[in-house]
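Q: Take a look at my_file.cif, mmCIF, C-alpha atoms and all ligand atoms:
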data_final
#
loop_
_atom_site.group_PDB
_atom_site.id
_atom_site.type_symbol
_atom_site.label_atom_id
_atom_site.label_comp_id
_atom_site.auth_asym_id
_atom_site.auth_seq_id
_atom_site.Cartn_x
_atom_site.Cartn_y
_atom_site.Cartn_z
ATOM 1 C CA MET A 1 -12.853 -68.470 -210.363
ATOM 2 C CA SER A 2 -16.603 -69.023 -210.720
ATOM 3 C CA ASN A 3 -18.493 -70.627 -207.861
ATOM 4 C CA ALA A 4 -19.035 -73.808 -209.842
ATOM 5 C CA ASN A 5 -15.337 -74.041 -210.625
ATOM 6 C CA LEU A 6 -14.501 -73.301 -207.029
ATOM 7 C CA ALA A 7 -16.684 -76.219 -205.949
ATOM 8 C CA ARG A 8 -15.033 -78.443 -208.568
ATOM 9 C CA ALA A 9 -11.612 -77.505 -207.240
ATOM 10 C CA VAL A 10 -12.296 -79.404 -204.012
ATOM 11 C CA PRO A 11 -9.885 -82.299 -204.426
ATOM 12 C CA SER A 12 -11.289 -85.032 -202.201
ATOM 13 C CA ILE A 13 -14.126 -86.263 -204.398
ATOM 14 C CA ASN A 14 -13.886 -87.413 -207.992
ATOM 15 C CA ARG A 15 -16.505 -85.681 -210.168
ATOM 16 C CA ALA A 16 -14.977 -86.872 -213.428
ATOM 17 C CA ASP A 17 -17.640 -89.292 -214.660
ATOM 18 C CA SER A 18 -20.573 -87.067 -213.928
ATOM 19 C CA ALA A 19 -19.653 -83.423 -214.566
ATOM 20 C CA ARG A 20 -19.870 -84.029 -218.320
ATOM 21 C CA SER A 21 -23.643 -84.431 -218.079
ATOM 22 C CA ALA A 22 -24.395 -81.451 -215.816
ATOM 23 C CA ALA A 23 -26.864 -79.111 -217.490
ATOM 24 C CA GLY A 24 -26.935 -75.324 -217.179
ATOM 25 C CA LEU A 25 -30.093 -73.296 -217.496
ATOM 26 C CA ASN A 26 -30.911 -69.819 -218.768
ATOM 27 C CA LEU A 27 -34.169 -68.112 -217.889
ATOM 28 C CA SER A 28 -35.076 -64.975 -219.711
ATOM 29 C CA ARG A 29 -37.927 -62.684 -218.563
ATOM 30 C CA VAL A 30 -39.919 -65.639 -217.231
ATOM 31 C CA GLU A 31 -43.408 -64.690 -216.040
ATOM 32 C CA LYS A 32 -46.206 -66.818 -214.646
ATOM 33 C CA SER A 33 -49.773 -65.804 -213.863
ATOM 34 C CA PHE A 34 -52.647 -67.849 -212.507
ATOM 35 C CA GLY A 35 -55.632 -65.804 -213.691
ATOM 36 C CA PRO A 36 -55.132 -62.304 -212.261
ATOM 37 C CA ASN A 37 -52.475 -63.534 -209.812
ATOM 38 C CA ARG A 38 -49.056 -62.521 -211.222
ATOM 39 C CA VAL A 39 -46.828 -64.978 -209.399
ATOM 40 C CA LEU A 40 -43.544 -64.591 -211.353
ATOM 41 C CA ARG A 41 -42.939 -61.092 -212.707
ATOM 42 C CA GLY A 42 -39.871 -61.343 -214.932
ATOM 43 C CA ILE A 43 -37.141 -63.727 -213.799
ATOM 44 C CA ASP A 44 -33.751 -63.502 -215.517
ATOM 45 C CA LEU A 45 -31.405 -66.160 -214.235
ATOM 46 C CA GLU A 46 -28.344 -67.993 -215.509
ATOM 47 C CA ILE A 47 -27.458 -71.216 -213.762
ATOM 48 C CA GLU A 48 -24.024 -72.673 -214.528
ATOM 49 C CA PRO A 49 -23.649 -76.394 -215.187
ATOM 50 C CA GLY A 50 -22.612 -78.166 -212.004
ATOM 51 C CA SER A 51 -23.509 -75.297 -209.681
ATOM 52 C CA PHE A 52 -25.731 -75.470 -206.598
ATOM 53 C CA VAL A 53 -28.334 -72.702 -206.398
ATOM 54 C CA ALA A 54 -30.752 -72.211 -203.494
ATOM 55 C CA ILE A 55 -34.003 -70.253 -203.750
ATOM 56 C CA ILE A 56 -35.461 -68.751 -200.604
ATOM 57 C CA GLY A 57 -38.190 -66.239 -199.795
ATOM 58 C CA LYS A 58 -41.405 -65.773 -197.889
ATOM 59 C CA SER A 59 -44.269 -68.199 -198.252
ATOM 60 C CA GLY A 60 -46.178 -67.588 -201.487
ATOM 61 C CA CYS A 61 -43.398 -65.610 -203.220
ATOM 62 C CA GLY A 62 -43.284 -68.114 -206.116
ATOM 63 C CA LYS A 63 -40.450 -70.525 -205.235
ATOM 64 C CA SER A 64 -42.263 -73.775 -206.053
ATOM 65 C CA THR A 65 -43.854 -72.231 -209.127
ATOM 66 C CA LEU A 66 -40.391 -71.335 -210.408
ATOM 67 C CA LEU A 67 -39.101 -74.838 -209.672
ATOM 68 C CA ARG A 68 -42.049 -76.424 -211.505
ATOM 69 C CA ILE A 69 -41.295 -74.255 -214.539
ATOM 70 C CA LEU A 70 -37.601 -75.217 -214.449
ATOM 71 C CA LEU A 71 -38.655 -78.864 -214.521
ATOM 72 C CA GLY A 72 -41.149 -78.446 -217.347
ATOM 73 C CA LEU A 73 -44.022 -79.436 -215.013
ATOM 74 C CA ASP A 74 -45.603 -76.068 -215.771
ATOM 75 C CA THR A 75 -45.175 -73.568 -218.613
ATOM 76 C CA PRO A 76 -44.369 -69.883 -218.228
ATOM 77 C CA THR A 77 -46.982 -67.346 -219.298
ATOM 78 C CA ASN A 78 -44.170 -65.341 -220.911
ATOM 79 C CA GLY A 79 -40.416 -65.603 -221.346
ATOM 80 C CA ARG A 80 -38.201 -68.535 -222.203
ATOM 81 C CA LEU A 81 -35.923 -71.060 -220.617
ATOM 82 C CA GLU A 82 -33.220 -73.196 -222.144
ATOM 83 C CA PHE A 83 -31.032 -75.998 -220.811
ATOM 84 C CA HIS A 84 -27.454 -75.901 -222.114
ATOM 85 C CA ASP A 85 -24.120 -77.663 -221.740
ATOM 86 C CA GLY A 86 -22.124 -74.561 -220.775
ATOM 87 C CA GLU A 87 -20.491 -74.344 -224.219
ATOM 88 C CA GLY A 88 -23.314 -72.652 -226.075
ATOM 89 C CA ASN A 89 -25.172 -75.835 -227.060
ATOM 90 C CA SER A 90 -28.805 -76.432 -226.147
ATOM 91 C CA VAL A 91 -29.482 -79.776 -224.504
ATOM 92 C CA ALA A 92 -32.695 -81.674 -223.867
ATOM 93 C CA PRO A 93 -33.973 -81.319 -220.311
ATOM 94 C CA ASP A 94 -32.722 -84.175 -218.163
ATOM 95 C CA ALA A 95 -34.126 -83.199 -214.783
ATOM 96 C CA ARG A 96 -35.397 -85.000 -211.689
ATOM 97 C CA ILE A 97 -37.022 -83.748 -208.511
ATOM 98 C CA VAL A 98 -37.060 -84.701 -204.831
ATOM 99 C CA PHE A 99 -40.078 -83.488 -202.846
ATOM 100 C CA GLN A 100 -40.566 -82.946 -199.123
ATOM 101 C CA GLU A 101 -42.391 -86.290 -198.867
ATOM 102 C CA PRO A 102 -40.431 -89.310 -200.139
ATOM 103 C CA ARG A 103 -43.434 -90.747 -202.066
ATOM 104 C CA LEU A 104 -42.101 -94.333 -202.021
ATOM 105 C CA LEU A 105 -44.083 -97.352 -203.214
ATOM 106 C CA PRO A 106 -45.054 -99.151 -199.970
ATOM 107 C CA TRP A 107 -45.307 -102.577 -201.663
ATOM 108 C CA ALA A 108 -41.792 -102.434 -203.192
ATOM 109 C CA ASN A 109 -38.512 -102.888 -201.335
ATOM 110 C CA VAL A 110 -35.812 -100.227 -201.243
ATOM 111 C CA LEU A 111 -33.914 -101.508 -204.294
ATOM 112 C CA ASP A 112 -37.070 -101.717 -206.419
ATOM 113 C CA ASN A 113 -38.117 -98.228 -205.304
ATOM 114 C CA VAL A 114 -34.820 -96.922 -206.650
ATOM 115 C CA ILE A 115 -35.120 -98.907 -209.898
ATOM 116 C CA VAL A 116 -38.441 -97.110 -210.518
ATOM 117 C CA GLY A 117 -36.369 -93.977 -211.158
ATOM 118 C CA LEU A 118 -34.911 -95.566 -214.307
ATOM 119 C CA GLY A 119 -38.222 -96.000 -216.106
ATOM 120 C CA SER A 120 -38.698 -99.156 -218.160
ATOM 121 C CA ASP A 121 -35.910 -99.135 -220.747
ATOM 122 C CA HIS A 122 -33.168 -100.908 -218.764
ATOM 123 C CA GLN A 123 -32.088 -104.542 -218.624
ATOM 124 C CA LYS A 124 -32.856 -106.010 -215.224
ATOM 125 C CA ASP A 125 -29.235 -106.645 -214.170
ATOM 126 C CA ASP A 126 -28.106 -103.271 -215.412
ATOM 127 C CA ALA A 127 -30.930 -101.572 -213.492
ATOM 128 C CA ARG A 128 -30.055 -103.400 -210.280
ATOM 129 C CA GLU A 129 -26.401 -102.389 -210.604
ATOM 130 C CA LEU A 130 -27.266 -98.717 -211.197
ATOM 131 C CA ALA A 131 -29.712 -98.767 -208.265
ATOM 132 C CA ARG A 132 -27.048 -100.299 -206.008
ATOM 133 C CA GLN A 133 -24.607 -97.548 -207.009
ATOM 134 C CA ALA A 134 -27.220 -94.901 -206.164
ATOM 135 C CA LEU A 135 -27.957 -96.557 -202.807
ATOM 136 C CA HIS A 136 -24.230 -96.652 -202.087
ATOM 137 C CA SER A 137 -24.042 -92.891 -202.767
ATOM 138 C CA VAL A 138 -26.706 -92.239 -200.127
ATOM 139 C CA GLU A 139 -25.095 -94.705 -197.686
ATOM 140 C CA LEU A 140 -28.045 -97.085 -197.711
ATOM 141 C CA SER A 141 -26.578 -100.233 -199.270
ATOM 142 C CA ALA A 142 -27.396 -102.297 -196.194
ATOM 143 C CA LYS A 143 -31.110 -101.563 -196.528
ATOM 144 C CA GLU A 144 -31.746 -102.605 -200.129
ATOM 145 C CA GLY A 145 -34.082 -105.466 -199.158
ATOM 146 C CA ASP A 146 -36.074 -103.518 -196.545
ATOM 147 C CA TRP A 147 -39.612 -102.205 -196.997
ATOM 148 C CA PRO A 148 -40.248 -98.461 -196.734
ATOM 149 C CA SER A 149 -42.227 -99.056 -193.517
ATOM 150 C CA GLN A 150 -39.047 -100.409 -191.881
ATOM 151 C CA LEU A 151 -37.080 -97.182 -192.511
ATOM 152 C CA SER A 152 -36.706 -93.956 -190.549
ATOM 153 C CA GLY A 153 -37.851 -90.662 -192.096
ATOM 154 C CA GLY A 154 -34.284 -89.733 -193.018
ATOM 155 C CA GLN A 155 -33.659 -93.141 -194.590
ATOM 156 C CA ARG A 156 -36.867 -92.873 -196.648
ATOM 157 C CA GLN A 157 -35.742 -89.504 -197.939
ATOM 158 C CA ARG A 158 -32.350 -91.006 -198.847
ATOM 159 C CA VAL A 159 -34.178 -93.644 -200.915
ATOM 160 C CA ALA A 160 -36.082 -90.834 -202.655
ATOM 161 C CA LEU A 161 -32.761 -89.123 -203.369
ATOM 162 C CA ALA A 162 -31.288 -92.366 -204.762
ATOM 163 C CA ARG A 163 -34.382 -92.823 -206.974
ATOM 164 C CA ALA A 164 -33.890 -89.304 -208.370
ATOM 165 C CA LEU A 165 -30.166 -89.881 -208.945
ATOM 166 C CA VAL A 166 -30.197 -93.399 -210.358
ATOM 167 C CA SER A 167 -30.492 -92.236 -213.976
ATOM 168 C CA ARG A 168 -27.613 -89.783 -213.428
ATOM 169 C CA PRO A 169 -29.635 -86.666 -214.289
ATOM 170 C CA GLY A 170 -27.790 -83.519 -215.268
ATOM 171 C CA PHE A 171 -30.166 -81.363 -213.240
ATOM 172 C CA LEU A 172 -31.736 -82.043 -209.852
ATOM 173 C CA ALA A 173 -34.509 -79.943 -208.325
ATOM 174 C CA LEU A 174 -35.009 -80.207 -204.576
ATOM 175 C CA ASP A 175 -38.320 -78.856 -203.213
ATOM 176 C CA GLU A 176 -37.852 -78.622 -199.428
ATOM 177 C CA PRO A 177 -36.437 -82.173 -199.410
ATOM 178 C CA LEU A 178 -35.331 -81.986 -195.783
ATOM 179 C CA GLY A 179 -38.299 -79.974 -194.488
ATOM 180 C CA ALA A 180 -39.998 -82.862 -192.683
ATOM 181 C CA LEU A 181 -36.890 -84.116 -190.860
ATOM 182 C CA ASP A 182 -35.825 -83.423 -187.274
ATOM 183 C CA ALA A 183 -32.967 -80.947 -186.768
ATOM 184 C CA LEU A 184 -30.126 -83.467 -186.313
ATOM 185 C CA THR A 185 -31.209 -85.738 -189.176
ATOM 186 C CA ARG A 186 -31.523 -82.633 -191.296
ATOM 187 C CA ILE A 187 -27.937 -81.612 -190.621
ATOM 188 C CA SER A 188 -26.594 -85.071 -191.460
ATOM 189 C CA MET A 189 -28.709 -85.101 -194.640
ATOM 190 C CA GLN A 190 -27.248 -81.729 -195.622
ATOM 191 C CA ARG A 191 -23.788 -83.243 -195.335
ATOM 192 C CA LEU A 192 -24.859 -86.230 -197.413
ATOM 193 C CA LEU A 193 -26.530 -84.075 -200.065
ATOM 194 C CA SER A 194 -23.389 -81.963 -200.378
ATOM 195 C CA GLU A 195 -21.232 -85.095 -200.764
ATOM 196 C CA VAL A 196 -23.540 -86.623 -203.368
ATOM 197 C CA TRP A 197 -23.605 -83.385 -205.341
ATOM 198 C CA ARG A 198 -19.798 -83.177 -205.347
ATOM 199 C CA GLU A 199 -19.460 -86.837 -206.232
ATOM 200 C CA ARG A 200 -21.998 -86.871 -209.068
ATOM 201 C CA GLY A 201 -21.597 -83.352 -210.404
ATOM 202 C CA PHE A 202 -25.206 -82.541 -211.385
ATOM 203 C CA THR A 203 -26.640 -79.031 -211.286
ATOM 204 C CA ALA A 204 -28.783 -78.564 -208.184
ATOM 205 C CA VAL A 205 -31.589 -76.097 -207.472
ATOM 206 C CA LEU A 206 -32.876 -76.223 -203.913
ATOM 207 C CA VAL A 207 -36.021 -74.531 -202.599
ATOM 208 C CA THR A 208 -35.847 -74.187 -198.832
ATOM 209 C CA HIS A 209 -37.215 -72.084 -195.966
ATOM 210 C CA ASP A 210 -34.021 -72.650 -194.010
ATOM 211 C CA VAL A 211 -31.501 -69.866 -194.630
ATOM 212 C CA ALA A 212 -28.694 -71.739 -192.818
ATOM 213 C CA GLU A 213 -29.309 -74.771 -195.030
ATOM 214 C CA ALA A 214 -29.209 -72.624 -198.180
ATOM 215 C CA VAL A 215 -25.908 -71.054 -197.149
ATOM 216 C CA HIS A 216 -24.430 -74.377 -196.108
ATOM 217 C CA LEU A 217 -25.173 -76.097 -199.418
ATOM 218 C CA ALA A 218 -25.355 -73.554 -202.221
ATOM 219 C CA ASP A 219 -22.809 -71.621 -204.294
ATOM 220 C CA ARG A 220 -25.399 -68.968 -204.727
ATOM 221 C CA VAL A 221 -28.638 -68.043 -202.961
ATOM 222 C CA ILE A 222 -31.494 -66.293 -204.752
ATOM 223 C CA VAL A 223 -33.990 -64.344 -202.639
ATOM 224 C CA LEU A 224 -37.396 -64.125 -204.303
ATOM 225 C CA GLU A 225 -39.892 -61.460 -203.322
ATOM 226 C CA GLU A 226 -43.309 -61.189 -204.930
ATOM 227 C CA GLY A 227 -42.160 -62.996 -208.039
ATOM 228 C CA ARG A 228 -38.953 -61.027 -208.586
ATOM 229 C CA ILE A 229 -35.313 -61.658 -207.701
ATOM 230 C CA LYS A 230 -34.553 -59.357 -204.792
ATOM 231 C CA LEU A 231 -31.006 -60.552 -204.103
ATOM 232 C CA ASP A 232 -28.566 -62.878 -205.865
ATOM 233 C CA GLN A 233 -26.013 -63.728 -203.183
ATOM 234 C CA PRO A 234 -22.830 -65.701 -203.943
ATOM 235 C CA VAL A 235 -21.545 -68.058 -201.247
ATOM 236 C CA PRO A 236 -17.918 -68.347 -202.379
ATOM 237 C CA PHE A 237 -16.586 -71.008 -200.023
ATOM 238 C CA ALA A 238 -15.263 -74.462 -200.823
ATOM 239 C CA HIS A 239 -17.100 -77.576 -199.677
ATOM 240 C CA PRO A 240 -17.482 -79.281 -197.288
ATOM 241 C CA ARG A 241 -18.508 -76.365 -195.077
ATOM 242 C CA ARG A 242 -18.653 -76.231 -191.318
ATOM 243 C CA HIS A 243 -21.928 -75.042 -189.809
ATOM 244 C CA SER A 244 -19.924 -72.986 -187.312
ATOM 245 C CA ASN A 245 -18.118 -70.912 -189.987
ATOM 246 C CA PRO A 246 -18.628 -67.218 -188.968
ATOM 247 C CA GLU A 247 -18.376 -66.050 -192.600
ATOM 248 C CA LEU A 248 -21.398 -68.189 -193.445
ATOM 249 C CA ALA A 249 -23.248 -66.668 -190.494
ATOM 250 C CA GLU A 250 -22.577 -63.210 -191.896
ATOM 251 C CA ILE A 251 -24.060 -64.129 -195.283
ATOM 252 C CA GLU A 252 -26.974 -65.752 -193.501
ATOM 253 C CA GLY A 253 -27.660 -62.451 -191.709
ATOM 254 C CA ARG A 254 -27.592 -60.564 -195.005
ATOM 255 C CA LEU A 255 -30.076 -62.990 -196.544
ATOM 256 C CA LEU A 256 -32.413 -62.838 -193.551
ATOM 257 C CA ALA A 257 -32.368 -59.041 -193.709
ATOM 258 C CA ALA A 258 -33.286 -59.197 -197.417
ATOM 259 C CA ILE A 259 -36.152 -61.622 -196.770
ATOM 260 C CA LEU A 260 -37.531 -59.702 -193.801
ATOM 261 C CA GLY A 261 -36.904 -56.267 -195.357
ATOM 262 C CA ASP A 262 -34.772 -55.077 -192.384
HETATM 263 N N1 LIG B 301 -51.766 -74.341 -209.781
HETATM 264 C C1 LIG B 301 -52.018 -73.150 -209.252
HETATM 265 N N2 LIG B 301 -53.184 -72.521 -209.493
HETATM 266 C C2 LIG B 301 -53.424 -71.285 -208.972
HETATM 267 N N3 LIG B 301 -52.561 -70.619 -208.192
HETATM 268 C C3 LIG B 301 -51.396 -71.206 -207.902
HETATM 269 C C4 LIG B 301 -51.063 -72.495 -208.416
HETATM 270 N N4 LIG B 301 -49.808 -72.808 -207.967
HETATM 271 C C5 LIG B 301 -49.397 -71.777 -207.216
HETATM 272 N N5 LIG B 301 -50.348 -70.814 -207.173
HETATM 273 C C6 LIG B 301 -50.241 -69.530 -206.476
HETATM 274 O O1 LIG B 301 -48.952 -69.005 -206.746
HETATM 275 C C7 LIG B 301 -48.461 -68.304 -205.604
HETATM 276 C C8 LIG B 301 -47.052 -68.807 -205.313
HETATM 277 O O2 LIG B 301 -47.127 -70.182 -204.919
HETATM 278 P P1 LIG B 301 -45.807 -71.055 -204.689
HETATM 279 O O3 LIG B 301 -46.257 -72.405 -204.260
HETATM 280 O O4 LIG B 301 -44.950 -70.921 -205.867
HETATM 281 O O5 LIG B 301 -45.160 -70.262 -203.468
HETATM 282 P P2 LIG B 301 -43.938 -70.680 -202.537
HETATM 283 O O6 LIG B 301 -43.020 -69.504 -202.489
HETATM 284 O O7 LIG B 301 -43.363 -71.968 -202.982
HETATM 285 O O8 LIG B 301 -44.694 -70.844 -201.164
HETATM 286 P P3 LIG B 301 -44.389 -71.785 -199.900
HETATM 287 O O9 LIG B 301 -43.079 -71.304 -199.339
HETATM 288 O O10 LIG B 301 -45.534 -71.484 -198.962
HETATM 289 O O11 LIG B 301 -44.345 -73.205 -200.365
HETATM 290 C C9 LIG B 301 -49.468 -68.497 -204.492
HETATM 291 O O12 LIG B 301 -50.273 -67.334 -204.440
HETATM 292 C C10 LIG B 301 -50.271 -69.682 -204.973
HETATM 293 O O13 LIG B 301 -51.595 -69.593 -204.498
#
In structure tokens, write the structure found in this file.

A:
Amino acid sequence: MSNANLARAVPSINRADSARSAAGLNLSRVEKSFGPNRVLRGIDLEIEPGSFVAIIGKSGCGKSTLLRILLGLDTPTNGRLEFHDGEGNSVAPDARIVFQEPRLLPWANVLDNVIVGLGSDHQKDDARELARQALHSVELSAKEGDWPSQLSGGQRQRVALARALVSRPGFLALDEPLGALDALTRISMQRLLSEVWRERGFTAVLVTHDVAEAVHLADRVIVLEEGRIKLDQPVPFAHPRRHSNPELAEIEGRLLAAILGD
């Protein structure tokens, strides 16, 4: 069973309405240079629809550059990438991103901040309903009328997650989304992120510096080194995962050794 199918086999959460829109992605010999600086040096990567992939590696190895290319925010110098539906059909990119900083509008309340994620082509009532569903997914329904300044850091980041999810994207990029949170909030956000991913069924690509977080959330962890894939490590365990699982710790050790070159 593939990792994505293994995740889908978890019975407790219904993915039915969302898995149909999950997008897969193929990258073929993707390279990126900034002047003489060769940042990505030939990335071949297949990401299955509905899977959760984490990208880790030392600072400056090209993680954010790769994520920007996946999202179409930057173009590769060479190579190609293609979103697909898992059945051989190309699909238009339908991707959203969550950054380390929540980037909320300070003059809009929580509900309106989430509605922003829909763009302008929705009826008002429809938009409010979709935003309420997204807030429910991140367990923030009670705060819909609050201002961003009234929220904790973790709550602000949950609003940012709801804003990214409100349009039900098939592909979600996460660029260190939990990096600014304290350790305990971070752990509870990891649990929430895992639940939301299983509930909504999008494809997730997470850039993180936290190896334990990568192993806790992802089906597969990619170690980048100097713009190349050094290790492509499956994490073949069903969700939800316990942080204390010794098998996860073993994979974590393997990943750390790859990053540090031990
Ligand atoms: N717009 C840009 N113009 C020039 N160089 C860039 C640009 N964006 C990234 N780089 C360079 O690309 C390299 C990789 O940067 P990137 O942000 O992808 O690394 P990273 O692995 O995400 O690092 P970190 O973990 O520190 O966030 C760095 O040498 C950086 O200076």

Q: Calculated over only C-alpha atoms and all ligand atoms, which of the candidates A:Glu139, A:Asp74, A:Glu250, A:Asp262 has the smallest distance to ligand LIG 301 (chain B)?

A: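 Using only C-alpha atoms and all ligand atoms, the shortest distance to ligand LIG 301 (chain B) belongs to A:Asp74.
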
Q: Point out the residue among A:Arg163, A:Arg186, A:Lys32, A:Arg128 with the least atom-to-atom distance to ligand LIG 301 (chain B), counting all atoms listed in the file.

A: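 With all atoms listed in the file as the atom set, the closest residue is A:Lys32.
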
Q: Step by step, work through what the PyMOL selection byres (((chain A and resi 29) around 12) and not hetatm) selects in the shown file, and finish by giving those residues as a list in words.

A: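 Given this file, the PyMOL selection byres (((chain A and resi 29) around 12) and not hetatm) evaluates to Asn26, Leu27, Ser28, Val30, Glu31, Lys32, Leu40, Arg41, Gly42, Ile43, Asp44, Leu45, Glu46, Pro76, Thr77, Asn78, Gly79, Arg80, Leu81, Gly227, Arg228 and Ile229 of chain A.
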
Q: In terms of the shortest atom-to-atom distance over only C-alpha atoms, which of A:Phe237, A:Phe202, A:Phe34, A:Phe171 is closest to Leu67 (chain A)?

A: A:Phe171

Q: How many Å lie between CA of Gly179 (chain A) and CA of Ile259 (chain A), rounded to one decimal?

A: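 Computing it gives 18.6 Å between the two atoms.
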
Q: Hey, what comes out of the PyMOL selection byres (((chain A and resi 164) around 7) and not hetatm) on this file? Could you write it as JSON, numbers by chain?

A: {"A": [96, 97, 98, 117, 160, 161, 162, 163, 165, 166]}

Q: Step by step, gather every atom of ligand LIG 301 (chain B) that the file lists, find the box along x, y and z that holds them, add 6 Å on each side, and finally give centre and edge lengths in Å to one decimal, as AutoDock Vina command-line options.

A:
--center_x -48.2 --center_y -70.8 --center_z -204.4 --size_x 22.4 --size_y 19.0 --size_z 22.8

Q: Using the chain letters and numbering of this document, enumerate as an mmCIF file with C-alpha atoms, keeping the file's coordinate frame the residues selected by the PyMOL selection byres (((not hetatm)) within 6 of (chain B and resi 301)).

A:
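New file result-v5.cif:
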data_model
loop_
_atom_site.group_PDB
_atom_site.id
_atom_site.type_symbol
_atom_site.label_atom_id
_atom_site.label_comp_id
_atom_site.auth_asym_id
_atom_site.auth_seq_id
_atom_site.Cartn_x
_atom_site.Cartn_y
_atom_site.Cartn_z
ATOM 1 C CA PHE A 34 -52.647 -67.849 -212.507
ATOM 2 C CA VAL A 39 -46.828 -64.978 -209.399
ATOM 3 C CA LYS A 58 -41.405 -65.773 -197.889
ATOM 4 C CA SER A 59 -44.269 -68.199 -198.252
ATOM 5 C CA GLY A 60 -46.178 -67.588 -201.487
ATOM 6 C CA CYS A 61 -43.398 -65.610 -203.220
ATOM 7 C CA GLY A 62 -43.284 -68.114 -206.116
ATOM 8 C CA LYS A 63 -40.450 -70.525 -205.235
ATOM 9 C CA SER A 64 -42.263 -73.775 -206.053
ATOM 10 C CA THR A 65 -43.854 -72.231 -209.127
#

Q: Just want the 9 Å neighbourhood of Asp112 (chain A), counted on only C-alpha atoms, with same-chain residues fewer than 5 positions away dropped. Output as a list in words.

A: Leu105, Arg128, Ala131, Glu144 and Gly145 of chain A

Q: Between CA of Ala142 (chain A) and CA of Gly50 (chain A), what is the spacing in Å?

A: 29.2 Å

Q: In terms of the shortest atom-to-atom distance over only C-alpha atoms, which of A:Val196, A:Pro148, A:Ile187, A:Leu73 is closest to Gln133 (chain A)?

A: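 Looking only at the distances to Gln133 (chain A), the closest residue turns out to be A:Val196.
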
Q: Considering only C-alpha atoms, return as a tab-separated table (two decimals) with C-alpha atoms, in the coordinates of the input whatever protein or nucleic-acid residues lie within 10 Å of Lys143 (chain A), sequence-local ones (same chain, fewer than 6 positions apart) excluded.

A:
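This went into part_25.tsv:
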chain	number	residue	atom	x	y	z
A	109	ASN	CA	-38.51	-102.89	-201.34
A	110	VAL	CA	-35.81	-100.23	-201.24
A	111	LEU	CA	-33.91	-101.51	-204.29
A	135	LEU	CA	-27.96	-96.56	-202.81
A	150	GLN	CA	-39.05	-100.41	-191.88
A	151	LEU	CA	-37.08	-97.18	-192.51
A	155	GLN	CA	-33.66	-93.14	-194.59
A	159	VAL	CA	-34.18	-93.64	-200.92

Q: Hey, can you check how far CA of Leu231 (chain A) sits from CA of Arg254 (chain A)?

A: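 Atom-to-atom, CA of Leu231 (chain A) and CA of Arg254 (chain A) are spaced 9.7 Å apart.
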
Q: Do you know which residues are at most 12 Å from Ala22 (chain A) counting only C-alpha atoms, after dropping those on the same chain fewer than 3 positions away, and could you put them as number ranges by chain?

A: A: 4, 15-19, 25, 47-52, 83-87, 91-95, 168-172, 197-198, 200-204

Q: Would you kindly place N, CA and C atoms on region 114-126 of chain A and return the model as a PDB file, keeping the file's coordinate frame?

A:
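Written output follows (part.pdb):
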ATOM      1  N   VAL A 114     -35.850 -97.708-205.947  1.00  0.00           N
ATOM      2  CA  VAL A 114     -34.820 -96.922-206.650  1.00  0.00           C
ATOM      3  C   VAL A 114     -34.864 -97.236-208.148  1.00  0.00           C
ATOM      4  N   ILE A 115     -35.069 -98.506-208.482  1.00  0.00           N
ATOM      5  CA  ILE A 115     -35.120 -98.907-209.898  1.00  0.00           C
ATOM      6  C   ILE A 115     -36.239 -98.166-210.634  1.00  0.00           C
ATOM      7  N   VAL A 116     -37.327 -97.853-209.914  1.00  0.00           N
ATOM      8  CA  VAL A 116     -38.441 -97.110-210.518  1.00  0.00           C
ATOM      9  C   VAL A 116     -37.937 -95.824-211.196  1.00  0.00           C
ATOM     10  N   GLY A 117     -36.905 -95.227-210.617  1.00  0.00           N
ATOM     11  CA  GLY A 117     -36.369 -93.977-211.158  1.00  0.00           C
ATOM     12  C   GLY A 117     -35.738 -94.116-212.536  1.00  0.00           C
ATOM     13  N   LEU A 118     -35.521 -95.351-212.984  1.00  0.00           N
ATOM     14  CA  LEU A 118     -34.911 -95.566-214.307  1.00  0.00           C
ATOM     15  C   LEU A 118     -35.946 -95.663-215.420  1.00  0.00           C
ATOM     16  N   GLY A 119     -37.232 -95.747-215.063  1.00  0.00           N
ATOM     17  CA  GLY A 119     -38.222 -96.000-216.106  1.00  0.00           C
ATOM     18  C   GLY A 119     -38.112 -97.450-216.552  1.00  0.00           C
ATOM     19  N   SER A 120     -38.569 -97.739-217.766  1.00  0.00           N
ATOM     20  CA  SER A 120     -38.698 -99.156-218.160  1.00  0.00           C
ATOM     21  C   SER A 120     -37.647 -99.635-219.154  1.00  0.00           C
ATOM     22  N   ASP A 121     -36.787 -98.729-219.644  1.00  0.00           N
ATOM     23  CA  ASP A 121     -35.910 -99.135-220.747  1.00  0.00           C
ATOM     24  C   ASP A 121     -34.528 -99.590-220.302  1.00  0.00           C
ATOM     25  N   HIS A 122     -34.460-100.366-219.198  1.00  0.00           N
ATOM     26  CA  HIS A 122     -33.168-100.908-218.764  1.00  0.00           C
ATOM     27  C   HIS A 122     -33.262-102.411-218.587  1.00  0.00           C
ATOM     28  N   GLN A 123     -32.171-103.117-218.927  1.00  0.00           N
ATOM     29  CA  GLN A 123     -32.088-104.542-218.624  1.00  0.00           C
ATOM     30  C   GLN A 123     -32.114-104.707-217.107  1.00  0.00           C
ATOM     31  N   LYS A 124     -32.673-105.826-216.654  1.00  0.00           N
ATOM     32  CA  LYS A 124     -32.856-106.010-215.224  1.00  0.00           C
ATOM     33  C   LYS A 124     -31.536-105.933-214.437  1.00  0.00           C
ATOM     34  N   ASP A 125     -30.498-106.625-214.919  1.00  0.00           N
ATOM     35  CA  ASP A 125     -29.235-106.645-214.170  1.00  0.00           C
ATOM     36  C   ASP A 125     -28.587-105.272-214.140  1.00  0.00           C
ATOM     37  N   ASP A 126     -28.655-104.615-215.281  1.00  0.00           N
ATOM     38  CA  ASP A 126     -28.106-103.271-215.412  1.00  0.00           C
ATOM     39  C   ASP A 126     -28.816-102.326-214.430  1.00  0.00           C
TER      40      ASP A 126
END
